[in-house]
file query-v3.pdb (PDB, C-alpha atoms)
ATOM      1  CA  MET A   1      33.464   7.838  13.306
ATOM      2  CA  ALA A   2      30.383   9.920  13.825
ATOM      3  CA  ASP A   3      27.282   9.498  15.937
ATOM      4  CA  ALA A   4      24.255  10.730  14.148
ATOM      5  CA  LYS A   5      20.700  11.227  15.277
ATOM      6  CA  VAL A   6      17.759  11.191  12.929
ATOM      7  CA  PHE A   7      14.365  12.588  13.909
ATOM      8  CA  ILE A   8      11.445  11.696  11.698
ATOM      9  CA  THR A   9       8.198  13.575  12.120
ATOM     10  CA  LEU A  10       4.885  13.573  10.315
ATOM     11  CA  LYS A  11       4.388  16.479   7.975
ATOM     12  CA  GLU A  12       2.073  19.241   9.083
ATOM     13  CA  GLY A  13      -1.488  18.566   8.069
ATOM     14  CA  ILE A  14      -1.079  14.788   8.129
ATOM     15  CA  LEU A  15      -3.420  13.337  10.717
ATOM     16  CA  ASP A  16      -1.567  11.301  13.343
ATOM     17  CA  PRO A  17      -3.881   8.597  14.745
ATOM     18  CA  GLN A  18      -1.365   7.545  17.436
ATOM     19  CA  GLY A  19      -0.738  11.118  18.549
ATOM     20  CA  LYS A  20      -4.479  11.802  18.821
ATOM     21  CA  THR A  21      -4.970   8.691  20.970
ATOM     22  CA  LEU A  22      -2.108   9.615  23.322
ATOM     23  CA  LEU A  23      -3.414  13.173  23.555
ATOM     24  CA  ARG A  24      -6.823  11.866  24.626
ATOM     25  CA  ALA A  25      -5.242   9.444  27.106
ATOM     26  CA  LEU A  26      -3.132  12.202  28.709
ATOM     27  CA  ARG A  27      -6.184  14.431  29.047
ATOM     28  CA  GLU A  28      -8.045  11.559  30.699
ATOM     29  CA  LEU A  29      -5.141  11.341  33.164
ATOM     30  CA  GLY A  30      -5.758  14.979  34.008
ATOM     31  CA  TYR A  31      -2.977  16.613  31.981
ATOM     32  CA  ASP A  32      -5.192  19.368  30.651
ATOM     33  CA  GLU A  33      -2.185  21.489  29.646
ATOM     34  CA  VAL A  34      -1.413  19.162  26.729
ATOM     35  CA  GLU A  35      -2.360  21.163  23.676
ATOM     36  CA  ASP A  36      -1.257  18.747  20.967
ATOM     37  CA  LEU A  37       0.929  15.669  20.593
ATOM     38  CA  ARG A  38       2.468  14.059  17.530
ATOM     39  CA  VAL A  39       4.379  10.790  17.437
ATOM     40  CA  GLY A  40       7.594  10.514  15.440
ATOM     41  CA  LYS A  41      10.631   8.261  15.170
ATOM     42  CA  TYR A  42      14.126   8.663  16.579
ATOM     43  CA  MET A  43      17.128   6.760  15.237
ATOM     44  CA  GLU A  44      20.768   6.564  16.353
ATOM     45  CA  VAL A  45      23.132   5.906  13.483
ATOM     46  CA  LYS A  46      26.876   5.184  13.778
ATOM     47  CA  LEU A  47      28.776   6.281  10.697
ATOM     48  CA  THR A  48      32.345   5.714   9.678
ATOM     49  CA  GLY A  49      34.703   7.071   7.000
ATOM     50  CA  GLY A  50      34.426  10.360   5.146
ATOM     51  CA  ASP A  51      34.361  13.926   6.417
ATOM     52  CA  ALA A  52      31.432  15.502   8.223
ATOM     53  CA  GLY A  53      30.010  17.019   5.044
ATOM     54  CA  THR A  54      30.075  13.741   3.138
ATOM     55  CA  LEU A  55      28.610  11.788   6.035
ATOM     56  CA  GLU A  56      25.809  14.298   6.422
ATOM     57  CA  SER A  57      24.919  14.302   2.749
ATOM     58  CA  ARG A  58      25.016  10.484   2.642
ATOM     59  CA  LEU A  59      22.762  10.316   5.700
ATOM     60  CA  GLY A  60      20.356  12.761   4.052
ATOM     61  CA  GLU A  61      20.246  10.452   1.059
ATOM     62  CA  MET A  62      19.461   7.494   3.370
ATOM     63  CA  CYS A  63      16.595   9.481   4.878
ATOM     64  CA  GLU A  64      15.203  10.368   1.439
ATOM     65  CA  ARG A  65      15.455   6.839   0.097
ATOM     66  CA  LEU A  66      14.503   4.668   3.045
ATOM     67  CA  LEU A  67      14.364   6.056   6.561
ATOM     68  CA  ALA A  68      11.628   8.619   5.888
ATOM     69  CA  ASN A  69       8.777   8.662   3.406
ATOM     70  CA  PRO A  70       8.889  12.190   1.949
ATOM     71  CA  ILE A  71       5.170  12.070   1.074
ATOM     72  CA  ILE A  72       4.087  12.001   4.716
ATOM     73  CA  GLU A  73       7.234  12.635   6.767
ATOM     74  CA  ASP A  74       9.924  15.269   7.362
ATOM     75  CA  TYR A  75      13.326  14.487   8.830
ATOM     76  CA  ARG A  76      16.013  16.316  10.727
ATOM     77  CA  MET A  77      19.577  15.134  11.370
ATOM     78  CA  GLU A  78      22.310  15.844  13.904
ATOM     79  CA  VAL A  79      25.781  14.574  13.038
ATOM     80  CA  ASP A  80      28.512  14.719  15.725
ATOM     81  CA  VAL A  81      31.912  13.908  14.264
TER      82      VAL A  81
ATOM     83  CA  MET B   1      -2.291 -15.830 -19.510
ATOM     84  CA  LYS B   2       0.742 -16.370 -17.368
ATOM     85  CA  PHE B   3       0.785 -14.948 -13.844
ATOM     86  CA  GLY B   4       3.657 -14.614 -11.403
ATOM     87  CA  VAL B   5       2.931 -14.334  -7.679
ATOM     88  CA  VAL B   6       5.838 -12.579  -5.980
ATOM     89  CA  VAL B   7       6.841 -14.098  -2.641
ATOM     90  CA  PHE B   8       8.523 -11.790  -0.127
ATOM     91  CA  PRO B   9       9.711 -12.977   3.286
ATOM     92  CA  GLY B  10       6.506 -12.501   5.269
ATOM     93  CA  SER B  11       4.021 -12.744   2.392
ATOM     94  CA  ASN B  12       1.041 -14.776   3.583
ATOM     95  CA  CYS B  13      -1.573 -14.408   0.837
ATOM     96  CA  ASP B  14       0.678 -15.789  -1.907
ATOM     97  CA  HIS B  15      -0.897 -19.260  -1.778
ATOM     98  CA  ASP B  16      -4.426 -17.834  -1.875
ATOM     99  CA  CYS B  17      -3.592 -15.856  -5.020
ATOM    100  CA  HIS B  18      -1.838 -18.829  -6.623
ATOM    101  CA  TYR B  19      -4.833 -21.061  -5.838
ATOM    102  CA  VAL B  20      -7.392 -18.642  -7.311
ATOM    103  CA  ILE B  21      -5.375 -18.028 -10.467
ATOM    104  CA  ARG B  22      -4.812 -21.718 -11.136
ATOM    105  CA  GLU B  23      -7.907 -23.430  -9.785
ATOM    106  CA  VAL B  24     -10.598 -20.788 -10.217
ATOM    107  CA  LEU B  25      -9.357 -18.839 -13.250
ATOM    108  CA  GLY B  26      -7.614 -21.776 -14.919
ATOM    109  CA  GLN B  27      -4.513 -19.764 -15.830
ATOM    110  CA  ASP B  28      -0.793 -20.540 -15.696
ATOM    111  CA  VAL B  29       0.912 -19.321 -12.550
ATOM    112  CA  ASP B  30       4.320 -19.513 -10.876
ATOM    113  CA  TYR B  31       5.706 -18.239  -7.618
ATOM    114  CA  VAL B  32       8.437 -15.625  -8.128
ATOM    115  CA  TRP B  33      10.940 -15.425  -5.274
ATOM    116  CA  HIS B  34      11.810 -11.920  -4.039
ATOM    117  CA  GLY B  35      15.464 -12.565  -4.889
ATOM    118  CA  SER B  36      14.660 -13.168  -8.544
ATOM    119  CA  THR B  37      15.639 -10.484 -11.034
ATOM    120  CA  ASP B  38      14.008 -12.012 -14.087
ATOM    121  CA  VAL B  39      10.262 -11.709 -14.687
ATOM    122  CA  ARG B  40      10.311 -12.380 -18.423
ATOM    123  CA  GLY B  41       7.462 -14.463 -19.785
ATOM    124  CA  TYR B  42       4.787 -13.205 -17.396
ATOM    125  CA  ASP B  43       1.733 -11.187 -18.422
ATOM    126  CA  CYS B  44       0.722 -10.197 -14.899
ATOM    127  CA  LEU B  45       2.606  -9.997 -11.616
ATOM    128  CA  VAL B  46       0.767 -10.217  -8.311
ATOM    129  CA  LEU B  47       2.225  -8.616  -5.173
ATOM    130  CA  PRO B  48       0.279 -10.433  -2.463
ATOM    131  CA  GLY B  49      -0.727  -9.476   1.045
ATOM    132  CA  GLY B  50       1.221 -10.243   4.169
ATOM    133  CA  PHE B  51       3.811  -8.610   6.379
ATOM    134  CA  SER B  52       6.879  -8.412   4.179
ATOM    135  CA  TYR B  53      10.056  -7.917   6.230
ATOM    136  CA  GLY B  54       7.896  -7.741   9.350
ATOM    137  CA  ASP B  55       6.510  -4.351   8.260
ATOM    138  CA  TYR B  56       9.613  -2.854   9.907
ATOM    139  CA  LEU B  57      10.021   0.937   9.616
ATOM    140  CA  ARG B  58       6.945   1.385   7.402
ATOM    141  CA  THR B  59       4.816  -1.181   5.579
ATOM    142  CA  GLY B  60       6.491  -2.103   2.300
ATOM    143  CA  ALA B  61       9.487   0.181   2.959
ATOM    144  CA  VAL B  62      12.056  -2.626   2.998
ATOM    145  CA  ALA B  63      10.347  -4.940   0.495
ATOM    146  CA  ARG B  64      10.489  -2.255  -2.164
ATOM    147  CA  PHE B  65      14.287  -2.676  -2.239
ATOM    148  CA  SER B  66      14.062  -6.449  -2.804
ATOM    149  CA  PRO B  67      15.995  -7.536  -5.912
ATOM    150  CA  VAL B  68      12.739  -8.476  -7.640
ATOM    151  CA  MET B  69      11.323  -4.969  -7.356
ATOM    152  CA  LYS B  70      13.677  -3.493  -9.944
ATOM    153  CA  ALA B  71      12.391  -6.119 -12.368
ATOM    154  CA  VAL B  72       8.801  -5.336 -11.342
ATOM    155  CA  GLU B  73       9.414  -1.623 -11.992
ATOM    156  CA  GLU B  74      10.801  -2.347 -15.463
ATOM    157  CA  PHE B  75       7.953  -4.767 -16.136
ATOM    158  CA  ALA B  76       5.378  -2.099 -15.181
ATOM    159  CA  ALA B  77       7.165   0.596 -17.198
ATOM    160  CA  ALA B  78       6.973  -1.671 -20.238
ATOM    161  CA  GLY B  79       3.191  -1.964 -19.796
ATOM    162  CA  GLY B  80       3.077  -5.276 -17.886
ATOM    163  CA  TYR B  81       0.097  -5.783 -15.569
ATOM    164  CA  VAL B  82       0.814  -5.523 -11.862
ATOM    165  CA  ILE B  83      -1.691  -5.916  -9.040
ATOM    166  CA  GLY B  84      -0.693  -5.169  -5.457
ATOM    167  CA  ILE B  85      -3.108  -6.399  -2.826
ATOM    168  CA  CYS B  86      -2.935  -5.062   0.746
ATOM    169  CA  ASN B  87       0.782  -5.344   1.637
ATOM    170  CA  GLY B  88       1.415  -5.523  -2.122
ATOM    171  CA  PHE B  89      -0.342  -2.165  -2.498
ATOM    172  CA  GLN B  90       1.787  -0.742   0.332
ATOM    173  CA  ILE B  91       4.930  -1.944  -1.472
ATOM    174  CA  LEU B  92       3.810  -0.327  -4.760
ATOM    175  CA  LEU B  93       3.324   2.985  -2.911
ATOM    176  CA  GLU B  94       6.755   2.810  -1.281
ATOM    177  CA  ALA B  95       8.279   1.939  -4.654
ATOM    178  CA  GLY B  96       6.638   4.988  -6.218
ATOM    179  CA  LEU B  97       4.766   2.859  -8.774
ATOM    180  CA  LEU B  98       1.558   4.371  -7.415
ATOM    181  CA  PRO B  99       1.080   7.814  -5.812
ATOM    182  CA  GLY B 100       0.492   8.383  -2.086
ATOM    183  CA  ALA B 101       1.405   6.695   1.194
ATOM    184  CA  MET B 102      -0.161   4.499   3.869
ATOM    185  CA  MET B 103      -0.682   5.471   7.493
ATOM    186  CA  ARG B 104      -2.006   3.622  10.546
ATOM    187  CA  ASN B 105      -5.773   3.139  10.527
ATOM    188  CA  THR B 106      -7.403   6.056  12.348
ATOM    189  CA  GLY B 107      -8.985   3.595  14.812
ATOM    190  CA  LEU B 108      -5.483   2.166  15.583
ATOM    191  CA  LYS B 109      -6.945  -1.305  15.201
ATOM    192  CA  PHE B 110      -6.246  -4.110  12.785
ATOM    193  CA  VAL B 111      -9.512  -4.348  10.832
ATOM    194  CA  CYS B 112     -10.409  -7.765   9.418
ATOM    195  CA  ARG B 113     -13.885  -7.996   7.901
ATOM    196  CA  PHE B 114     -15.926  -7.785   4.725
ATOM    197  CA  VAL B 115     -16.361  -4.240   3.425
ATOM    198  CA  ASP B 116     -18.296  -2.810   0.516
ATOM    199  CA  ILE B 117     -16.401  -0.990  -2.180
ATOM    200  CA  ARG B 118     -17.869   0.962  -5.054
ATOM    201  CA  VAL B 119     -16.423   0.687  -8.552
ATOM    202  CA  GLU B 120     -15.563   4.253  -9.589
ATOM    203  CA  THR B 121     -14.385   3.611 -13.137
ATOM    204  CA  THR B 122     -14.663   0.809 -15.651
ATOM    205  CA  SER B 123     -12.029   2.302 -17.953
ATOM    206  CA  THR B 124      -9.252   0.171 -16.473
ATOM    207  CA  PRO B 125      -7.994  -3.299 -17.370
ATOM    208  CA  TRP B 126      -9.114  -4.348 -13.875
ATOM    209  CA  THR B 127     -12.737  -3.186 -13.919
ATOM    210  CA  ASN B 128     -13.892  -3.292 -17.547
ATOM    211  CA  SER B 129     -16.334  -6.130 -16.784
ATOM    212  CA  ALA B 130     -17.911  -4.287 -13.840
ATOM    213  CA  LYS B 131     -20.451  -1.454 -13.909
ATOM    214  CA  VAL B 132     -19.748   2.056 -12.672
ATOM    215  CA  GLY B 133     -21.298   2.334  -9.222
ATOM    216  CA  GLU B 134     -21.415  -1.439  -8.746
ATOM    217  CA  VAL B 135     -20.745  -2.389  -5.123
ATOM    218  CA  LEU B 136     -18.420  -5.312  -4.395
ATOM    219  CA  SER B 137     -18.279  -7.163  -1.089
ATOM    220  CA  ILE B 138     -14.614  -8.001  -0.478
ATOM    221  CA  PRO B 139     -12.743  -8.468   2.814
ATOM    222  CA  ILE B 140      -9.993  -6.263   4.180
ATOM    223  CA  ALA B 141      -7.384  -7.288   6.772
ATOM    224  CA  HIS B 142      -4.971  -4.502   7.644
ATOM    225  CA  ASN B 143      -3.591  -2.145  10.250
ATOM    226  CA  GLU B 144      -2.110   0.377   7.797
ATOM    227  CA  GLY B 145      -4.730   1.062   5.174
ATOM    228  CA  ASN B 146      -5.222   4.757   5.794
ATOM    229  CA  TYR B 147      -4.407   6.044   2.316
ATOM    230  CA  GLN B 148      -3.006   9.573   2.201
ATOM    231  CA  VAL B 149      -2.088  11.643  -0.801
ATOM    232  CA  PRO B 150      -1.398  15.391  -1.119
ATOM    233  CA  PRO B 151      -4.513  17.322  -2.325
ATOM    234  CA  ASP B 152      -3.026  18.445  -5.657
ATOM    235  CA  ALA B 153      -1.909  14.897  -6.498
ATOM    236  CA  LEU B 154      -5.367  13.598  -5.555
ATOM    237  CA  GLU B 155      -7.058  16.107  -7.868
ATOM    238  CA  GLU B 156      -4.851  14.990 -10.715
ATOM    239  CA  MET B 157      -5.584  11.321  -9.971
ATOM    240  CA  LYS B 158      -9.309  12.014 -10.033
ATOM    241  CA  ARG B 159      -9.002  13.903 -13.300
ATOM    242  CA  ARG B 160      -7.160  10.982 -14.844
ATOM    243  CA  GLY B 161      -9.583   8.375 -13.529
ATOM    244  CA  GLN B 162      -7.034   6.716 -11.257
ATOM    245  CA  VAL B 163      -9.387   6.274  -8.300
ATOM    246  CA  VAL B 164     -10.757   2.797  -8.946
ATOM    247  CA  PHE B 165     -12.526   1.761  -5.703
ATOM    248  CA  ARG B 166     -14.023   3.635  -2.742
ATOM    249  CA  TYR B 167     -15.350   2.247   0.555
ATOM    250  CA  SER B 168     -19.109   2.663   0.569
ATOM    251  CA  SER B 169     -22.398   1.485   2.064
ATOM    252  CA  PRO B 170     -23.911  -1.697   0.585
ATOM    253  CA  GLU B 171     -26.018   0.645  -1.560
ATOM    254  CA  GLY B 172     -22.990   2.546  -2.784
ATOM    255  CA  SER B 173     -23.040   5.755  -0.698
ATOM    256  CA  VAL B 174     -19.511   6.975  -0.163
ATOM    257  CA  LEU B 175     -19.649   8.555   3.292
ATOM    258  CA  PRO B 176     -16.969   8.808   6.006
ATOM    259  CA  GLU B 177     -18.811   6.320   8.249
ATOM    260  CA  PHE B 178     -18.240   3.589   5.674
ATOM    261  CA  CYS B 179     -14.485   4.140   5.616
ATOM    262  CA  PRO B 180     -12.792   1.526   7.841
ATOM    263  CA  ASN B 181      -9.401   3.206   8.092
ATOM    264  CA  GLY B 182      -9.487   6.981   7.546
ATOM    265  CA  SER B 183      -8.364   6.954   3.906
ATOM    266  CA  ASN B 184      -8.569  10.190   1.917
ATOM    267  CA  GLU B 185     -11.988  10.312   0.265
ATOM    268  CA  ASN B 186     -12.712   6.653   1.176
ATOM    269  CA  ILE B 187     -10.139   5.447  -1.356
ATOM    270  CA  ALA B 188      -9.763   1.646  -1.358
ATOM    271  CA  GLY B 189      -7.945   1.146  -4.661
ATOM    272  CA  ILE B 190      -6.098   3.173  -7.286
ATOM    273  CA  CYS B 191      -4.338   2.584 -10.569
ATOM    274  CA  SER B 192      -1.389   4.098 -12.391
ATOM    275  CA  ARG B 193      -1.883   6.737 -15.099
ATOM    276  CA  GLU B 194      -1.677   4.093 -17.791
ATOM    277  CA  GLY B 195      -3.955   1.798 -15.790
ATOM    278  CA  ASN B 196      -1.687  -1.255 -15.931
ATOM    279  CA  VAL B 197      -0.751  -1.080 -12.232
ATOM    280  CA  LEU B 198      -3.518  -1.550  -9.639
ATOM    281  CA  GLY B 199      -3.200  -1.271  -5.878
ATOM    282  CA  MET B 200      -6.049  -2.138  -3.523
ATOM    283  CA  MET B 201      -6.423  -2.858   0.192
ATOM    284  CA  PRO B 202      -9.350  -5.314  -0.079
ATOM    285  CA  HIS B 203      -8.434  -8.905  -0.967
ATOM    286  CA  PRO B 204     -10.143 -10.059  -4.191
ATOM    287  CA  GLU B 205      -8.453 -13.469  -3.848
ATOM    288  CA  ARG B 206     -10.449 -14.020  -0.638
ATOM    289  CA  ALA B 207     -13.699 -13.265  -2.473
ATOM    290  CA  SER B 208     -13.360 -15.347  -5.602
ATOM    291  CA  GLU B 209     -15.591 -18.295  -4.697
ATOM    292  CA  ALA B 210     -19.169 -18.264  -3.382
ATOM    293  CA  GLU B 211     -18.157 -20.874  -0.767
ATOM    294  CA  LEU B 212     -15.996 -18.228   0.891
ATOM    295  CA  GLY B 213     -18.857 -15.799   1.313
ATOM    296  CA  SER B 214     -18.455 -13.725  -1.834
ATOM    297  CA  SER B 215     -17.290 -14.119  -5.391
ATOM    298  CA  ASP B 216     -17.358 -10.369  -6.047
ATOM    299  CA  GLY B 217     -13.583 -10.290  -6.404
ATOM    300  CA  LEU B 218     -13.824 -12.361  -9.566
ATOM    301  CA  VAL B 219     -14.875  -9.345 -11.603
ATOM    302  CA  ILE B 220     -11.373  -7.909 -11.110
ATOM    303  CA  TRP B 221      -9.602 -11.047 -12.314
ATOM    304  CA  ASN B 222     -12.112 -11.574 -15.127
ATOM    305  CA  SER B 223     -11.760  -7.974 -16.286
ATOM    306  CA  LEU B 224      -8.024  -8.490 -16.675
ATOM    307  CA  LEU B 225      -8.507 -11.781 -18.538
ATOM    308  CA  ALA B 226     -11.057 -10.106 -20.849
ATOM    309  CA  HIS B 227      -8.758  -7.118 -21.371
ATOM    310  CA  CYS B 228      -5.902  -9.412 -22.345
ATOM    311  CA  GLY B 229      -8.118 -11.658 -24.479
ATOM    312  CA  ALA B 230      -7.207 -14.683 -22.380
ATOM    313  CA  SER B 231      -9.115 -17.914 -22.833
ATOM    314  CA  VAL B 232     -10.961 -18.894 -19.677
TER     315      VAL B 232
END
call {"tool": "encode", "arguments": {"input": "query-v3.pdb", "output": "structure tokens"}}
result
Amino acid sequence: MADAKVFITLKEGILDPQGKTLLRALRELGYDEVEDLRVGKYMEVKLTGGDAGTLESRLGEMCERLLANPIIEDYRMEVDV
Amino acid sequence: MKFGVVVFPGSNCDHDCHYVIREVLGQDVDYVWHGSTDVRGYDCLVLPGGFSYGDYLRTGAVARFSPVMKAVEEFAAAGGYVIGICNGFQILLEAGLLPGAMMRNTGLKFVCRFVDIRVETTSTPWTNSAKVGEVLSIPIAHNEGNYQVPPDALEEMKRRGQVVFRYSSPEGSVLPEFCPNGSNENIAGICSREGNVLGMMPHPERASEAELGSSDGLVIWNSLLAHCGASV
């Protein structure tokens, strides 16, 4: 069994309409220290079977094929066996 | 010609497309269930608008793994005609049948209204009966129509004449203020290198009869029929 975390973020240079809106809203609330804000996705994945290396490479494949869209998104994984 | 309208769970423009193809164009048409793996016998497949699989994760991301999509990919690779409208376009992008990706509209709002789009090329099966620079009034209805593509891929698409429609003024000026969603270079529709696959956010099936406010979408259907030598 392994608990994995997947973080999906927009690639640099891709405009993030949600992030821009939240940034503006925070500034309107007086949080002038907010320099930039980008919205991403966080997923918790329970995995079973296989060693850490296999699980991690399989999870990477899942990210490439479905969980992230490599044209606009990057992903990062943490796998705790 | 024989058309197949693919029905995904959550498609909601499938009946509109079926109606236009049968009643307005007078062509043969079937519904093709997303679980089907056989698309033999069709000349053109339509991926209609809607919210396939609830738009979970990303629009079209789950639908592109429907059993039917493998058949659609093979059909397209063999030169079959495929048109993806709105959610259908999003599915074609996720499936890699067309380049690029969709993001949320920059205004973060679902935009549902008539827009003007300029025909950028008539060298496609979908626009051969139009004129270059002709402006079509066709409605959009989407929340994720902000088309993004890496700059080098965009340059190549432009070189190959794959940019088919751009959002414009009624007179045909392509300026950022006429873009409803933030798309790269006002792009509203693109085709594959070979031209047989078209993806567009505006809904030609909602603009195929004057009674509905515009019949400008007909030029797309009629171009395909002319290209295929179909009897109307």
call {"tool": "closest_residue", "arguments": {"input": "query-v3.pdb", "among": "B:Ile140, B:Met200, B:Arg159, B:Leu108", "to": "Pro17 of chain A", "atoms": "only C-alpha atoms"}}
result
B:Leu108
call {"tool": "closest_atom_pairs", "arguments": {"input": "query-v3.pdb", "of": "chain B", "to": "chain A", "cutoff": "7 Å", "atoms": "all atoms listed in the file", "output": "JSON lines"}}
result
{"residue": "B:Ala61", "atom": "CA", "partner": "A:Leu66", "partner_atom": "CA", "distance": 6.7}
{"residue": "B:Gly100", "atom": "CA", "partner": "A:Ile71", "partner_atom": "CA", "distance": 6.7}
{"residue": "B:Ala101", "atom": "CA", "partner": "A:Ile71", "partner_atom": "CA", "distance": 6.6}
{"residue": "B:Arg104", "atom": "CA", "partner": "A:Pro17", "partner_atom": "CA", "distance": 6.8}
{"residue": "B:Thr106", "atom": "CA", "partner": "A:Pro17", "partner_atom": "CA", "distance": 5.0}
{"residue": "B:Leu108", "atom": "CA", "partner": "A:Pro17", "partner_atom": "CA", "distance": 6.7}
call {"tool": "write_last_selection", "arguments": {"input": "query-v3.pdb", "atoms": "C-alpha atoms", "output": "short mmCIF file (atom, residue, chain, number, x, y, z; two decimals), in the coordinates of the input"}}
result
data_model
loop_
_atom_site.label_atom_id
_atom_site.label_comp_id
_atom_site.auth_asym_id
_atom_site.auth_seq_id
_atom_site.Cartn_x
_atom_site.Cartn_y
_atom_site.Cartn_z
CA ALA B 61 9.49 0.18 2.96
CA GLY B 100 0.49 8.38 -2.09
CA ALA B 101 1.40 6.70 1.19
CA ARG B 104 -2.01 3.62 10.55
CA THR B 106 -7.40 6.06 12.35
CA LEU B 108 -5.48 2.17 15.58
#
call {"tool": "closest_residue", "arguments": {"input": "query-v3.pdb", "among": "B:Asp30, B:Glu94, B:Glu211, B:Glu134", "to": "Gly199 of chain B", "atoms": "only C-alpha atoms"}}
result
B:Glu94
call {"tool": "closest_residue", "arguments": {"input": "query-v3.pdb", "among": "B:Thr37, B:Thr127, B:Asn105, B:Ser11", "to": "Leu218 of chain B", "atoms": "all atoms listed in the file"}}
result
B:Thr127
call {"tool": "closest_residue", "arguments": {"input": "query-v3.pdb", "among": "B:Tyr167, B:Ala95, B:Ala153, B:Cys44", "to": "Ile83 of chain B", "atoms": "all atoms listed in the file"}}
result
B:Cys44
call {"tool": "atom_distance", "arguments": {"input": "query-v3.pdb", "atom1": "atom CA of Arg64 of chain B", "atom2": "atom CA of Leu154 of chain B"}}
result
22.7 Å
call {"tool": "atom_distance", "arguments": {"input": "query-v3.pdb", "atom1": "atom CA of Val29 of chain B", "atom2": "atom CA of Val5 of chain B"}}
result
7.3 Å
call {"tool": "atom_distance", "arguments": {"input": "query-v3.pdb", "atom1": "atom CA of Asn184 of chain B", "atom2": "atom CA of Arg166 of chain B"}}
result
9.7 Å
call {"tool": "resolve_selection", "arguments": {"input": "query-v3.pdb", "expression": "the PyMOL selection byres ((chain B and resi 131) around 10)", "output": "list of chain:residue names"}}
result
B:Arg118, B:Val119, B:Glu120, B:Thr121, B:Thr122, B:Thr127, B:Asn128, B:Ser129, B:Ala130, B:Val132, B:Gly133, B:Glu134, B:Val135, B:Val219
call {"tool": "residues_around", "arguments": {"input": "query-v3.pdb", "residues": "Asp38 of chain B", "least_positions_apart": "5", "cutoff": "9 Å", "atoms": "all atoms listed in the file", "output": "ChimeraX atom specification"}}
result
/B:32,68,71-72
call {"tool": "resolve_selection", "arguments": {"input": "query-v3.pdb", "expression": "the PyMOL selection byres ((chain B and resi 203) around 12)", "output": "NGL selection string"}}
result
:B and (13-14 or 16-17 or 20 or 46-50 or 83-89 or 112-117 or 136-142 or 188-189 or 199-202 or 204-208 or 214-218 or 220-221)
call {"tool": "residues_near_point", "arguments": {"input": "query-v3.pdb", "point": "(6.2, 12.8, 7.0)", "cutoff": "6 Å", "atoms": "only C-alpha atoms", "output": "PyMOL selection string"}}
result
chain A and resi 9-11+70+72-74
call {"tool": "axis_aligned_box", "arguments": {"input": "query-v3.pdb", "around": "segment 33-50 of chain B", "padding_each_side": "3 Å", "output": "JSON"}}
result
{"center_x": 7.5, "center_y": -12.0, "center_z": -7.8, "size_x": 22.4, "size_y": 12.8, "size_z": 30.0}
call {"tool": "closest_residue", "arguments": {"input": "query-v3.pdb", "among": "B:Val39, B:Ala78, B:Ala63, B:Ala230", "to": "Gly26 of chain B", "atoms": "only C-alpha atoms"}}
result
B:Ala230
call {"tool": "residues_near_point", "arguments": {"input": "query-v3.pdb", "point": "(-16.0, 0.5, 9.4)", "cutoff": "9 Å", "atoms": "only C-alpha atoms", "output": "ChimeraX atom specification"}}
result
/B:111,113,115,177-181
call {"tool": "write_last_selection", "arguments": {"input": "query-v3.pdb", "atoms": "C-alpha atoms", "output": "CSV table (one decimal), in the frame of the given file"}}
result
chain,number,residue,atom,x,y,z
B,111,VAL,CA,-9.5,-4.3,10.8
B,113,ARG,CA,-13.9,-8.0,7.9
B,115,VAL,CA,-16.4,-4.2,3.4
B,177,GLU,CA,-18.8,6.3,8.2
B,178,PHE,CA,-18.2,3.6,5.7
B,179,CYS,CA,-14.5,4.1,5.6
B,180,PRO,CA,-12.8,1.5,7.8
B,181,ASN,CA,-9.4,3.2,8.1
call {"tool": "closest_residue", "arguments": {"input": "query-v3.pdb", "among": "B:Ser52, B:Thr124, B:Asn186, B:Ser66", "to": "Ala226 of chain B", "atoms": "only C-alpha atoms"}}
result
B:Thr124
call {"tool": "resolve_selection", "arguments": {"input": "query-v3.pdb", "expression": "the PyMOL selection byres ((chain A and resi 81) around 10)", "output": "list in words"}}
result
Met1, Ala2, Asp3, Ala4, Leu47, Thr48, Asp51, Ala52, Gly53, Leu55, Glu56, Glu78, Val79 and Asp80 of chain A
call {"tool": "write_last_selection", "arguments": {"input": "query-v3.pdb", "atoms": "C-alpha atoms", "output": "PDB file, keeping the file's coordinate frame"}}
result
ATOM      1  CA  MET A   1      33.464   7.838  13.306  1.00  0.00           C
ATOM      2  CA  ALA A   2      30.383   9.920  13.825  1.00  0.00           C
ATOM      3  CA  ASP A   3      27.282   9.498  15.937  1.00  0.00           C
ATOM      4  CA  ALA A   4      24.255  10.730  14.148  1.00  0.00           C
ATOM      5  CA  LEU A  47      28.776   6.281  10.697  1.00  0.00           C
ATOM      6  CA  THR A  48      32.345   5.714   9.678  1.00  0.00           C
ATOM      7  CA  ASP A  51      34.361  13.926   6.417  1.00  0.00           C
ATOM      8  CA  ALA A  52      31.432  15.502   8.223  1.00  0.00           C
ATOM      9  CA  GLY A  53      30.010  17.019   5.044  1.00  0.00           C
ATOM     10  CA  LEU A  55      28.610  11.788   6.035  1.00  0.00           C
ATOM     11  CA  GLU A  56      25.809  14.298   6.422  1.00  0.00           C
ATOM     12  CA  GLU A  78      22.310  15.844  13.904  1.00  0.00           C
ATOM     13  CA  VAL A  79      25.781  14.574  13.038  1.00  0.00           C
ATOM     14  CA  ASP A  80      28.512  14.719  15.725  1.00  0.00           C
TER      15      ASP A  80
END
call {"tool": "residues_around", "arguments": {"input": "query-v3.pdb", "residues": "Pro9 of chain B", "least_positions_apart": "3", "cutoff": "8 Å", "atoms": "only C-alpha atoms", "output": "list of chain:residue names"}}
result
B:His34, B:Phe51, B:Ser52, B:Tyr53
call {"tool": "decode", "arguments": {"input": "query-v3.pdb", "residues": "segment 20-26 of chain B", "atoms": "C-alpha atoms", "output": "compact mmCIF listing (two decimals), in the first residue's frame"}}
result
# COMPACT_ATOMS: atom_id res chain seq x y z
CA VAL B 20 -29.97 19.25 -39.07
CA ILE B 21 -28.27 16.41 -40.92
CA ARG B 22 -31.52 14.57 -41.60
CA GLU B 23 -34.12 17.29 -41.94
CA VAL B 24 -32.12 20.22 -43.29
CA LEU B 25 -29.35 18.49 -45.25
CA GLY B 26 -31.40 15.44 -46.22
